[in-house]
$ cat target_4.txt   # compact mmCIF, C-alpha atoms
# COMPACT_ATOMS: atom_id res chain seq x y z
CA MET A 1 0.00 0.00 0.00
CA ASN A 2 1.26 3.47 -0.88
CA HIS A 3 1.77 5.29 2.44
CA ASP A 4 2.02 8.62 0.59
CA PHE A 5 -1.37 8.23 -1.08
CA HIS A 6 -3.59 11.26 -0.64
CA MET A 7 -6.42 13.08 -2.38
CA GLU A 8 -6.07 16.47 -3.94
CA GLU A 9 -8.05 18.54 -6.40
CA VAL A 10 -5.97 19.02 -9.52
CA LEU A 11 -7.56 21.10 -12.25
CA PRO A 12 -5.03 23.08 -14.35
CA PRO A 13 -6.33 26.64 -14.88
CA SER A 14 -5.15 26.43 -18.49
CA SER A 15 -7.34 23.39 -19.23
CA LEU A 16 -10.74 23.79 -20.88
CA GLU A 17 -12.50 22.44 -17.80
CA GLY A 18 -10.51 24.81 -15.60
CA LYS A 19 -11.40 27.83 -17.74
CA VAL A 20 -15.09 26.90 -17.83
CA LYS A 21 -15.15 26.39 -14.06
CA GLU A 22 -13.47 29.74 -13.47
CA LYS A 23 -15.95 31.60 -15.72
CA VAL A 24 -18.94 29.95 -14.05
CA HIS A 25 -17.62 30.83 -10.60
CA ASP A 26 -16.88 34.40 -11.62
CA ALA A 27 -20.43 34.77 -12.97
CA PHE A 28 -21.89 33.43 -9.74
CA TRP A 29 -19.89 35.74 -7.49
CA ASP A 30 -20.68 38.73 -9.71
CA HIS A 31 -24.36 37.87 -9.40
CA LEU A 32 -24.05 37.63 -5.61
CA LYS A 33 -22.40 41.04 -5.50
CA GLN A 34 -25.25 42.55 -7.51
CA GLN A 35 -27.80 41.03 -5.16
CA LEU A 36 -26.10 42.29 -2.00
CA SER A 37 -25.57 45.74 -3.53
CA ALA A 38 -29.23 46.14 -4.50
CA THR A 39 -31.65 48.34 -2.55
CA PRO A 40 -33.01 46.63 -0.61
CA PRO A 41 -30.42 43.78 -0.63
CA ASP A 42 -31.44 40.42 -2.08
CA PHE A 43 -30.18 37.66 0.22
CA SER A 44 -31.47 34.64 -1.72
CA CYS A 45 -28.04 33.50 -2.99
CA ALA A 46 -26.35 34.45 0.27
CA LEU A 47 -28.76 32.24 2.22
CA GLU A 48 -27.99 29.26 0.00
CA LEU A 49 -24.27 29.88 0.47
CA LEU A 50 -24.59 30.10 4.23
CA LYS A 51 -26.63 26.89 4.25
CA GLU A 52 -23.90 25.09 2.30
CA ILE A 53 -21.19 26.54 4.55
CA LYS A 54 -23.08 25.28 7.60
CA GLU A 55 -23.31 21.77 6.14
CA THR A 56 -19.60 21.81 5.32
CA LEU A 57 -18.64 22.90 8.83
CA LEU A 58 -20.79 20.17 10.33
CA SER A 59 -19.18 17.58 8.05
CA LEU A 60 -15.76 18.53 9.43
CA LEU A 61 -16.73 17.76 13.03
CA LEU A 62 -15.68 14.62 14.84
CA PRO A 63 -18.44 12.54 16.51
CA ARG A 64 -17.44 13.69 19.99
CA GLN A 65 -17.71 17.44 19.19
CA ASN A 66 -21.35 17.70 20.20
CA ARG A 67 -21.12 21.13 21.86
CA LEU A 68 -19.56 22.74 18.80
CA ARG A 69 -22.16 21.04 16.62
CA SER A 70 -24.94 22.64 18.66
CA GLU A 71 -23.25 26.06 18.47
CA ILE A 72 -23.00 25.87 14.68
CA GLU A 73 -26.62 24.71 14.40
CA ASP A 74 -27.75 27.72 16.48
CA ALA A 75 -25.48 30.36 14.94
CA LEU A 76 -26.26 29.33 11.36
CA ASP A 77 -29.86 28.27 11.85
CA THR A 78 -31.42 28.45 8.40
CA ASP A 79 -34.85 29.61 9.60
CA VAL A 80 -33.39 32.38 11.76
CA LEU A 81 -31.16 33.64 8.94
CA ARG A 82 -34.10 33.59 6.51
CA LYS A 83 -36.25 35.68 8.89
CA GLU A 84 -33.41 38.18 9.30
CA ALA A 85 -33.11 38.39 5.51
CA GLU A 86 -36.84 39.02 5.14
CA GLN A 87 -36.64 41.78 7.75
CA GLY A 88 -33.53 43.25 6.11
CA THR A 89 -31.44 42.77 9.26
CA LEU A 90 -29.17 39.96 8.07
CA HIS A 91 -25.60 41.14 8.66
CA VAL A 92 -23.39 39.03 6.36
CA PRO A 93 -20.03 40.33 7.73
CA ARG A 94 -21.05 39.34 11.28
CA VAL A 95 -22.05 35.85 10.20
CA SER A 96 -18.85 35.55 8.15
CA GLN A 97 -16.73 36.42 11.17
CA TYR A 98 -18.40 33.63 13.17
CA ILE A 99 -17.68 31.24 10.31
CA LEU A 100 -14.01 32.29 10.26
CA HIS A 101 -13.76 31.78 14.03
CA THR A 102 -15.18 28.27 13.66
CA MET A 103 -12.86 27.50 10.73
CA ALA A 104 -9.89 28.52 12.86
CA LEU A 105 -10.95 25.95 15.47
CA LEU A 106 -11.39 23.15 12.96
CA CYS A 107 -8.65 23.66 10.37
CA ALA A 108 -5.34 21.85 10.26
CA PRO A 109 -2.26 23.93 11.19
CA VAL A 110 -1.32 24.13 7.52
CA ARG A 111 -4.50 26.20 6.89
CA ASP A 112 -4.02 28.67 9.76
CA GLU A 113 -2.35 31.27 7.56
CA ALA A 114 -5.10 31.11 4.92
CA VAL A 115 -7.82 31.60 7.55
CA GLN A 116 -5.93 34.49 9.14
CA LYS A 117 -5.64 36.24 5.77
CA LEU A 118 -9.40 36.09 5.36
CA GLU A 119 -9.86 38.02 8.60
CA ASN A 120 -8.42 41.07 6.84
CA VAL A 121 -10.87 40.90 3.92
CA THR A 122 -13.57 43.58 4.26
CA ASP A 123 -15.57 42.99 1.09
CA SER A 124 -18.41 40.57 1.89
CA VAL A 125 -18.38 38.84 -1.48
CA TRP A 126 -14.62 38.32 -1.56
CA LEU A 127 -14.78 37.11 2.02
CA LEU A 128 -17.44 34.49 1.23
CA ARG A 129 -15.50 33.45 -1.86
CA GLY A 130 -12.34 33.02 0.20
CA ILE A 131 -14.26 31.07 2.85
CA PHE A 132 -15.49 28.64 0.21
CA GLN A 133 -12.00 28.12 -1.18
CA VAL A 134 -10.45 27.42 2.21
CA LEU A 135 -13.35 25.19 3.24
CA GLY A 136 -12.72 23.15 0.08
CA LEU A 137 -9.13 22.63 1.20
CA MET A 138 -10.27 21.74 4.71
CA LYS A 139 -12.66 19.11 3.31
CA MET A 140 -9.76 17.58 1.39
CA ASP A 141 -7.65 17.64 4.56
CA MET A 142 -10.38 15.71 6.37
CA VAL A 143 -10.55 13.13 3.57
CA ASN A 144 -6.79 12.61 3.72
CA TYR A 145 -6.90 12.38 7.52
CA SER A 146 -9.54 9.67 7.22
CA ILE A 147 -7.45 7.81 4.67
CA GLN A 148 -4.39 7.92 6.92
CA SER A 149 -6.44 6.76 9.91
CA LEU A 150 -7.87 3.82 7.99
CA GLN A 151 -4.63 2.85 6.29
CA PRO A 152 -3.43 0.34 8.95
CA HIS A 153 -6.78 -1.46 8.80
CA LEU A 154 -6.87 -1.37 5.01
CA GLN A 155 -3.30 -2.62 4.81
CA GLU A 156 -3.96 -5.56 7.12
CA HIS A 157 -7.04 -6.48 5.11
CA SER A 158 -5.03 -6.15 1.88
CA ILE A 159 -2.31 -8.46 3.22
CA GLN A 160 -4.77 -11.17 4.22
CA TYR A 161 -6.76 -10.83 1.00
CA GLU A 162 -3.74 -11.02 -1.31
CA ARG A 163 -2.31 -14.00 0.55
CA ALA A 164 -5.63 -15.87 0.45
CA LYS A 165 -6.06 -15.26 -3.27
CA PHE A 166 -2.51 -16.40 -3.98
CA GLN A 167 -3.06 -19.53 -1.93
CA GLU A 168 -6.15 -20.33 -4.00
CA LEU A 169 -4.05 -20.12 -7.17
CA LEU A 170 -1.27 -22.16 -5.59
CA ASN A 171 -3.72 -24.92 -4.68
CA LYS A 172 -4.74 -25.17 -8.32
CA GLN A 173 -1.20 -24.78 -9.67
CA PRO A 174 1.45 -26.27 -7.33
CA SER A 175 4.29 -25.07 -9.60
CA LEU A 176 3.31 -21.43 -9.07
CA LEU A 177 6.37 -20.76 -6.88
CA ASP A 178 8.97 -22.22 -9.27
CA HIS A 179 10.23 -18.86 -10.51
CA THR A 180 10.18 -17.44 -7.00
CA THR A 181 12.31 -20.35 -5.79
CA LYS A 182 14.78 -19.82 -8.62
CA TRP A 183 14.93 -16.09 -7.86
CA LEU A 184 15.76 -16.66 -4.17
CA THR A 185 18.25 -19.41 -5.04
CA GLN A 186 20.12 -16.99 -7.27
CA ALA A 187 20.08 -14.33 -4.54
CA ALA A 188 21.64 -16.76 -2.05
CA ALA A 189 24.27 -17.73 -4.62
CA ASP A 190 25.09 -14.07 -5.29
CA LEU A 191 25.71 -13.48 -1.59
CA THR A 192 28.27 -16.28 -1.37
CA MET A 193 30.25 -14.58 -4.15
CA LEU A 194 30.23 -11.02 -2.78
CA PRO A 195 33.77 -9.60 -2.24
CA PRO A 196 34.75 -8.32 1.20
CA THR A 197 34.93 -4.75 -0.06
CA CYS A 198 33.13 -2.74 -2.70
CA PRO A 199 34.08 -3.83 -6.22
CA ASP A 200 34.80 -0.22 -7.16
CA ALA A 201 37.13 0.44 -4.21
CA PRO A 202 40.73 0.48 -5.49
CA ASP A 203 41.92 2.40 -2.44
CA SER A 204 40.79 3.53 1.00
CA SER A 205 39.30 6.74 -0.34
CA MET A 206 36.93 4.72 -2.50
CA ALA A 207 36.06 2.16 0.16
CA CYS A 208 32.46 2.00 1.31
CA PRO A 209 32.24 2.97 4.98
CA SER A 210 29.69 1.84 7.50
CA PRO A 211 26.72 1.43 7.27
CA ASN A 212 27.18 0.58 3.60
CA GLU A 213 29.87 -1.91 4.47
CA ALA A 214 27.28 -3.81 6.48
CA ALA A 215 25.09 -4.06 3.41
CA SER A 216 27.84 -5.28 1.06
CA SER A 217 30.23 -7.45 3.08
CA PRO A 218 29.73 -11.21 3.02
CA GLU A 219 28.07 -12.50 6.14
CA PRO A 220 26.28 -15.63 7.32
CA LEU A 221 23.11 -16.02 5.32
CA SER A 222 19.83 -15.02 6.90
CA PRO A 223 16.35 -14.74 5.40
CA ALA A 224 16.43 -10.94 5.57
CA VAL A 225 19.80 -10.69 3.80
CA VAL A 226 18.85 -13.15 1.06
CA LEU A 227 15.56 -11.36 0.43
CA SER A 228 17.32 -7.98 0.32
CA GLN A 229 19.70 -9.29 -2.32
CA GLY A 230 16.77 -10.80 -4.22
CA PHE A 231 14.85 -7.53 -4.24
CA LEU A 232 17.94 -5.68 -5.40
CA ASN A 233 18.37 -8.15 -8.26
CA LEU A 234 14.90 -7.20 -9.48
CA LEU A 235 16.19 -3.70 -10.27
CA LEU A 236 18.77 -5.32 -12.56
CA TRP A 237 16.32 -7.74 -14.16
CA ASP A 238 16.87 -8.67 -17.80
CA PRO A 239 13.67 -7.64 -19.66
CA GLU A 240 14.00 -10.76 -21.84
CA ASN A 241 13.99 -13.04 -18.80
CA GLU A 242 10.40 -14.21 -18.49
CA GLU A 243 10.99 -16.15 -15.26
CA PHE A 244 9.96 -13.22 -13.08
CA PRO A 245 9.03 -14.22 -9.49
CA GLU A 246 5.34 -15.06 -9.33
CA THR A 247 4.97 -13.29 -5.97
CA LEU A 248 6.07 -9.98 -7.52
CA LEU A 249 4.23 -9.97 -10.83
CA ARG A 250 1.73 -7.36 -9.62
CA ASP A 251 4.61 -5.10 -8.59
CA ARG A 252 6.61 -5.50 -11.79
CA ALA A 253 5.54 -2.17 -13.31
CA ARG A 254 6.42 -0.31 -10.08
CA LEU A 255 9.79 -2.08 -9.92
CA GLN A 256 10.50 -1.07 -13.50
CA GLU A 257 9.72 2.53 -12.64
CA LEU A 258 12.06 2.34 -9.64
CA GLU A 259 14.74 0.90 -11.91
CA ALA A 260 14.23 3.79 -14.35
CA GLN A 261 14.39 6.28 -11.48
CA SER A 262 17.60 4.65 -10.25
CA HIS A 263 19.04 4.95 -13.76
CA ARG A 264 18.18 8.65 -13.95
CA LEU A 265 19.80 9.29 -10.57
CA THR A 266 22.93 7.45 -11.72
CA VAL A 267 23.26 9.77 -14.72
CA LEU A 268 22.49 12.84 -12.60
CA ALA A 269 25.07 11.97 -9.93
CA SER A 270 27.65 11.17 -12.63
CA VAL A 271 27.19 14.59 -14.21
CA LEU A 272 27.51 16.33 -10.84
CA LEU A 273 30.59 14.31 -9.91
CA VAL A 274 32.38 15.17 -13.16
CA ALA A 275 31.34 18.82 -12.97
CA SER A 276 32.52 19.15 -9.37
CA SER A 277 35.98 17.88 -10.28
CA PHE A 278 36.39 20.85 -12.63
CA SER A 279 34.55 23.64 -10.81
CA GLY A 280 35.78 23.07 -7.25
CA SER A 281 34.18 23.40 -3.84
CA VAL A 282 33.36 27.11 -4.11
CA LEU A 283 30.72 26.69 -6.81
CA PHE A 284 29.42 23.42 -5.42
CA GLY A 285 29.08 25.03 -2.01
CA SER A 286 26.17 26.97 -3.49
CA PRO A 287 22.86 25.06 -3.38
CA GLN A 288 21.50 27.34 -6.11
CA PHE A 289 24.34 26.38 -8.45
CA VAL A 290 23.87 22.67 -7.79
CA ASP A 291 20.11 22.95 -8.32
CA LYS A 292 20.71 24.67 -11.64
CA LEU A 293 22.96 21.84 -12.82
CA LYS A 294 20.32 19.34 -11.69
CA ARG A 295 17.66 21.12 -13.73
CA ILE A 296 19.91 21.15 -16.78
CA THR A 297 20.50 17.42 -16.51
CA LYS A 298 16.94 16.40 -15.62
CA ALA A 299 15.62 18.32 -18.62
CA GLN A 300 17.42 15.84 -20.91
CA MET A 301 16.50 12.63 -19.07
CA GLU A 302 13.66 11.69 -21.41
CA GLU A 303 15.85 12.12 -24.46
CA PHE A 304 18.67 10.20 -22.76
CA ASN A 305 16.62 6.98 -22.88
CA SER A 306 16.37 7.03 -26.67
CA ARG A 307 19.33 9.19 -27.76
CA PRO A 308 21.93 9.26 -24.98
CA GLU A 309 24.71 10.76 -27.10
CA GLU A 310 22.58 13.72 -28.22
CA ALA A 311 21.25 14.24 -24.70
CA MET A 312 24.73 14.32 -23.13
CA LEU A 313 25.97 16.64 -25.86
CA THR A 314 23.32 19.15 -24.82
CA VAL A 315 24.03 18.57 -21.12
CA SER A 316 27.80 19.01 -21.59
CA GLU A 317 27.37 22.28 -23.46
CA ASN A 318 24.88 23.71 -20.96
CA VAL A 319 26.83 22.56 -17.88
CA SER A 320 30.13 23.95 -19.18
CA GLN A 321 28.40 27.23 -20.02
CA GLU A 322 26.89 27.42 -16.53
CA ILE A 323 30.25 26.72 -14.87
CA ARG A 324 31.97 29.31 -17.04
CA GLN A 325 29.34 31.96 -16.26
CA SER A 326 29.29 31.19 -12.54
CA LEU A 327 33.08 31.38 -12.26
CA LYS A 328 32.96 34.75 -14.00
CA ASN A 329 30.16 36.05 -11.74
CA MET A 330 32.12 35.08 -8.62
CA GLY A 331 35.35 36.59 -9.89
CA LEU A 332 37.13 33.23 -10.01
CA ALA A 333 39.65 32.05 -12.55
CA ALA A 334 38.08 30.76 -15.75
CA LEU A 335 38.62 27.21 -16.96
CA SER A 336 41.39 26.83 -19.48
CA SER A 337 40.48 25.70 -22.98
CA ASP A 338 42.02 22.28 -22.24
CA ASN A 339 40.02 21.87 -19.05
CA THR A 340 36.84 22.97 -20.81
CA ALA A 341 37.41 20.44 -23.57
CA SER A 342 38.15 17.74 -20.99
CA LEU A 343 34.99 18.62 -19.02
CA ILE A 344 32.81 18.40 -22.12
CA GLY A 345 34.46 15.17 -23.21
CA GLN A 346 34.00 13.48 -19.83
CA LEU A 347 30.37 14.56 -19.63
CA GLN A 348 29.66 13.23 -23.11
CA ASN A 349 31.29 9.90 -22.20
CA ILE A 350 28.61 9.37 -19.54
CA ALA A 351 26.34 8.37 -22.43
CA LYS A 352 28.36 5.15 -22.76
CA LYS A 353 27.21 2.23 -20.62
CA GLU A 354 30.83 1.21 -19.97
CA ASN A 355 31.76 4.67 -18.67
CA CYS A 356 33.75 4.15 -15.45
CA VAL A 357 32.21 7.08 -13.55
CA ARG A 358 28.71 5.94 -14.43
CA GLY A 359 29.61 2.37 -13.48
CA VAL A 360 30.89 3.37 -10.04
CA ILE A 361 27.87 5.58 -9.33
CA ASP A 362 25.48 2.85 -10.49
CA GLN A 363 27.07 0.35 -8.07
CA ARG A 364 26.84 2.84 -5.23
CA VAL A 365 23.19 3.69 -5.89
CA HIS A 366 22.29 0.00 -5.77
CA LEU A 367 24.45 -0.44 -2.69
CA PHE A 368 22.52 2.37 -1.02
CA LEU A 369 19.22 0.73 -1.91
CA LYS A 370 20.37 -2.58 -0.44
CA CYS A 371 21.51 -0.74 2.66
CA CYS A 372 18.00 0.76 2.92
CA LEU A 373 16.52 -2.74 3.02
CA VAL A 374 19.00 -3.93 5.64
CA LEU A 375 19.31 -0.87 7.90
CA GLY A 376 16.49 1.48 6.88
CA VAL A 377 16.48 4.68 4.83
CA GLN A 378 17.43 7.14 7.57
CA ARG A 379 20.44 5.16 8.81
CA SER A 380 21.59 4.64 5.23
CA LEU A 381 21.52 8.40 4.60
CA LEU A 382 23.87 9.06 7.51
CA ASP A 383 26.92 7.79 5.66
CA LEU A 384 26.43 8.01 1.92
CA PRO A 385 29.19 6.72 -0.39
CA GLY A 386 31.21 9.35 -2.25
CA GLY A 387 29.48 10.90 -5.23
CA LEU A 388 25.96 10.51 -3.82
CA THR A 389 25.75 13.31 -1.27
CA LEU A 390 24.53 15.84 -3.84
CA ILE A 391 21.48 13.70 -4.66
CA GLU A 392 20.60 12.84 -1.05
CA ALA A 393 17.01 14.09 -1.30
CA GLU A 394 16.38 12.17 -4.51
CA LEU A 395 17.95 9.03 -3.05
CA ALA A 396 15.80 9.28 0.08
CA GLU A 397 12.65 9.37 -2.05
CA LEU A 398 13.79 6.41 -4.15
CA GLY A 399 14.88 4.42 -1.11
CA GLN A 400 11.59 4.96 0.71
CA LYS A 401 9.56 3.84 -2.31
CA PHE A 402 11.71 0.72 -2.61
CA VAL A 403 11.40 -0.09 1.10
CA ASN A 404 7.62 0.43 1.10
CA LEU A 405 7.13 -1.87 -1.88
CA THR A 406 9.34 -4.65 -0.57
CA HIS A 407 7.98 -4.41 2.97
CA HIS A 408 4.39 -4.92 1.84
CA ASN A 409 5.45 -7.78 -0.41
CA GLN A 410 7.22 -9.51 2.48
CA GLN A 411 4.18 -9.09 4.71
CA VAL A 412 1.99 -10.79 2.11
CA PHE A 413 4.32 -13.56 0.93
CA GLY A 414 6.59 -13.96 3.97
CA PRO A 415 5.35 -17.48 4.85
CA TYR A 416 6.08 -18.72 1.33
CA TYR A 417 9.53 -17.12 1.31
CA MET A 418 10.35 -18.74 4.65
CA GLU A 419 9.54 -22.22 3.39
CA ILE A 420 11.79 -21.71 0.37
CA LEU A 421 14.63 -20.18 2.40
CA LYS A 422 14.65 -23.11 4.81
CA THR A 423 15.85 -25.25 1.91
CA LEU A 424 18.51 -22.72 0.87
CA ILE A 425 20.07 -21.69 4.19
CA PRO A 426 21.94 -24.37 6.18
CA PRO A 427 20.74 -24.55 9.81
CA SER A 428 24.22 -23.61 11.02
CA GLN A 429 24.08 -20.36 9.05
CA ALA A 430 20.46 -19.41 9.61
CA LEU A 431 20.51 -16.63 12.19
CA GLU A 432 16.74 -16.19 12.32
CA ILE A 433 14.22 -18.40 10.61
CA GLU A 434 11.10 -16.61 11.69
CA VAL A 435 8.57 -14.63 9.74
CA GLU A 436 9.10 -11.70 12.14
CA SER A 437 12.70 -11.40 10.96
CA LEU A 438 11.40 -10.47 7.56
$ encode --input "target_4.txt" --output "structure tokens"
Amino acid sequence: MNHDFHMEEVLPPSSLEGKVKEKVHDAFWDHLKQQLSATPPDFSCALELLKEIKETLLSLLLPRQNRLRSEIEDALDTDVLRKEAEQGTLHVPRVSQYILHTMALLCAPVRDEAVQKLENVTDSVWLLRGIFQVLGLMKMDMVNYSIQSLQPHLQEHSIQYERAKFQELLNKQPSLLDHTTKWLTQAAADLTMLPPTCPDAPDSSMACPSPNEAASSPEPLSPAVVLSQGFLNLLLWDPENEEFPETLLRDRARLQELEAQSHRLTVLASVLLVASSFSGSVLFGSPQFVDKLKRITKAQMEEFNSRPEEAMLTVSENVSQEIRQSLKNMGLAALSSDNTASLIGQLQNIAKKENCVRGVIDQRVHLFLKCCLVLGVQRSLLDLPGGLTLIEAELAELGQKFVNLTHHNQQVFGPYYMEILKTLIPPSQALEIEVESL
């Protein structure tokens, strides 16, 4: 289950639907203004608005807020407001101020500023319009709060449901776990062949420090470690290999997207690493400069998939231009023509799959992801391998998505994995053979 799932109203103003909605709303509020400005005022539309506002406020209350419910019912009593309108004594600003006071009590902290701004609005029509807009946001906040509150229950139901359905299929097709068994067998075999240090560590400066060392060094096999290696292998899956684990078929599209995101981050980090070696710490000490280089690179990511050479040609030209201009703006020495040519050449070489910088960064991104599975995202971020610190935020997002996906999968299929792993891990090496260890 996606823990970040939430509802939001997305209607681009430039879209046809957005333009139509805006015109209709403008016409309504103009009509309301004409009614309230008439002599005597016509409160027919205002009464309907106040009735809807009352219903919205009541819908935002929790079951235990009985006193506030009674206050709203009394203060916005439809019959009382209608009589005041008929007598010409309905004071819209006074009623609006009560509504704002109630909104301030009910809104989430993120809406406090919006409600406070409305308190300074003196025009009755603009005030009611603003109230409606903020109430719409508050309704969405309540929906998202309800979703978050129900998520643990929904997730538990989802786990039981998915497992039961899979068991039904397994009863009809006993060979349904063949590919899953092969996948875990390969993961266990990969772990027995892991070198004691990172494969890209020719010296101490390139060695992977803790906690990454814990995620890469050979160790006695355990279910958690084998599964972590197995999940990591899915990000390197050969598209032509049709023996994809049966327990992960529903997640295959999401895994492919994570693999694509990992690939984009590898290219991005490679560009930043090469650029930093030519521009020095002064430029890269500026977050604005780094963000600009990120935007330059990300703008070419779509083209990189189909035409990597052309994409990196554009990136190299734009990055070198940005470095040259930034050095000039800061009064620093310009790059020599040789260094500029070398910078452009090294950036263009990132387009090649065998590029050494890209290869090292790719290994380290996958090492980080494995570390996330073993130690968690936050602990893994504490000691990032060299070359990844500039994409920490992007890595955190990728790592959390990967952890969420694999965690849910383990909760659903953990019992099946355990039965398979018992045949793969010798009793003397098995540190924990319990579902909880997963």
$ residues_near_point --input "target_4.txt" --point "(13.4, -2.1, -14.6)" --cutoff "10 Å" --atoms "only C-alpha atoms" --output "list of chain:residue names"
A:Leu234, A:Leu235, A:Leu236, A:Trp237, A:Asp238, A:Pro239, A:Arg252, A:Ala253, A:Arg254, A:Leu255, A:Gln256, A:Glu257, A:Leu258, A:Glu259, A:Ala260, A:Gln261, A:Ser262, A:His263
$ residues_around --input "target_4.txt" --residues "A:Glu317" --least-positions-apart "5" --cutoff "10 Å" --atoms "only C-alpha atoms" --output "list in words"
Met312, Glu322, Thr340, Leu343, Ile344, Leu347 and Gln348 of chain A
$ closest_residue --input "target_4.txt" --among "A:Lys353, A:Ala396, A:Ile323, A:Leu367" --to "A:Asn305" --atoms "only C-alpha atoms"
A:Lys353
$ residues_around --input "target_4.txt" --residues "stretch 127-135 of chain A" --least-positions-apart "3" --cutoff "12 Å" --atoms "all atoms listed in the file" --output "number ranges by chain"
A: 9, 25-26, 28-30, 32-33, 45-60, 92-104, 106-108, 110-124, 138-142
$ atom_distance --input "target_4.txt" --atom1 "atom CA of A:Leu227" --atom2 "atom CA of A:Leu184"
7.0 Å
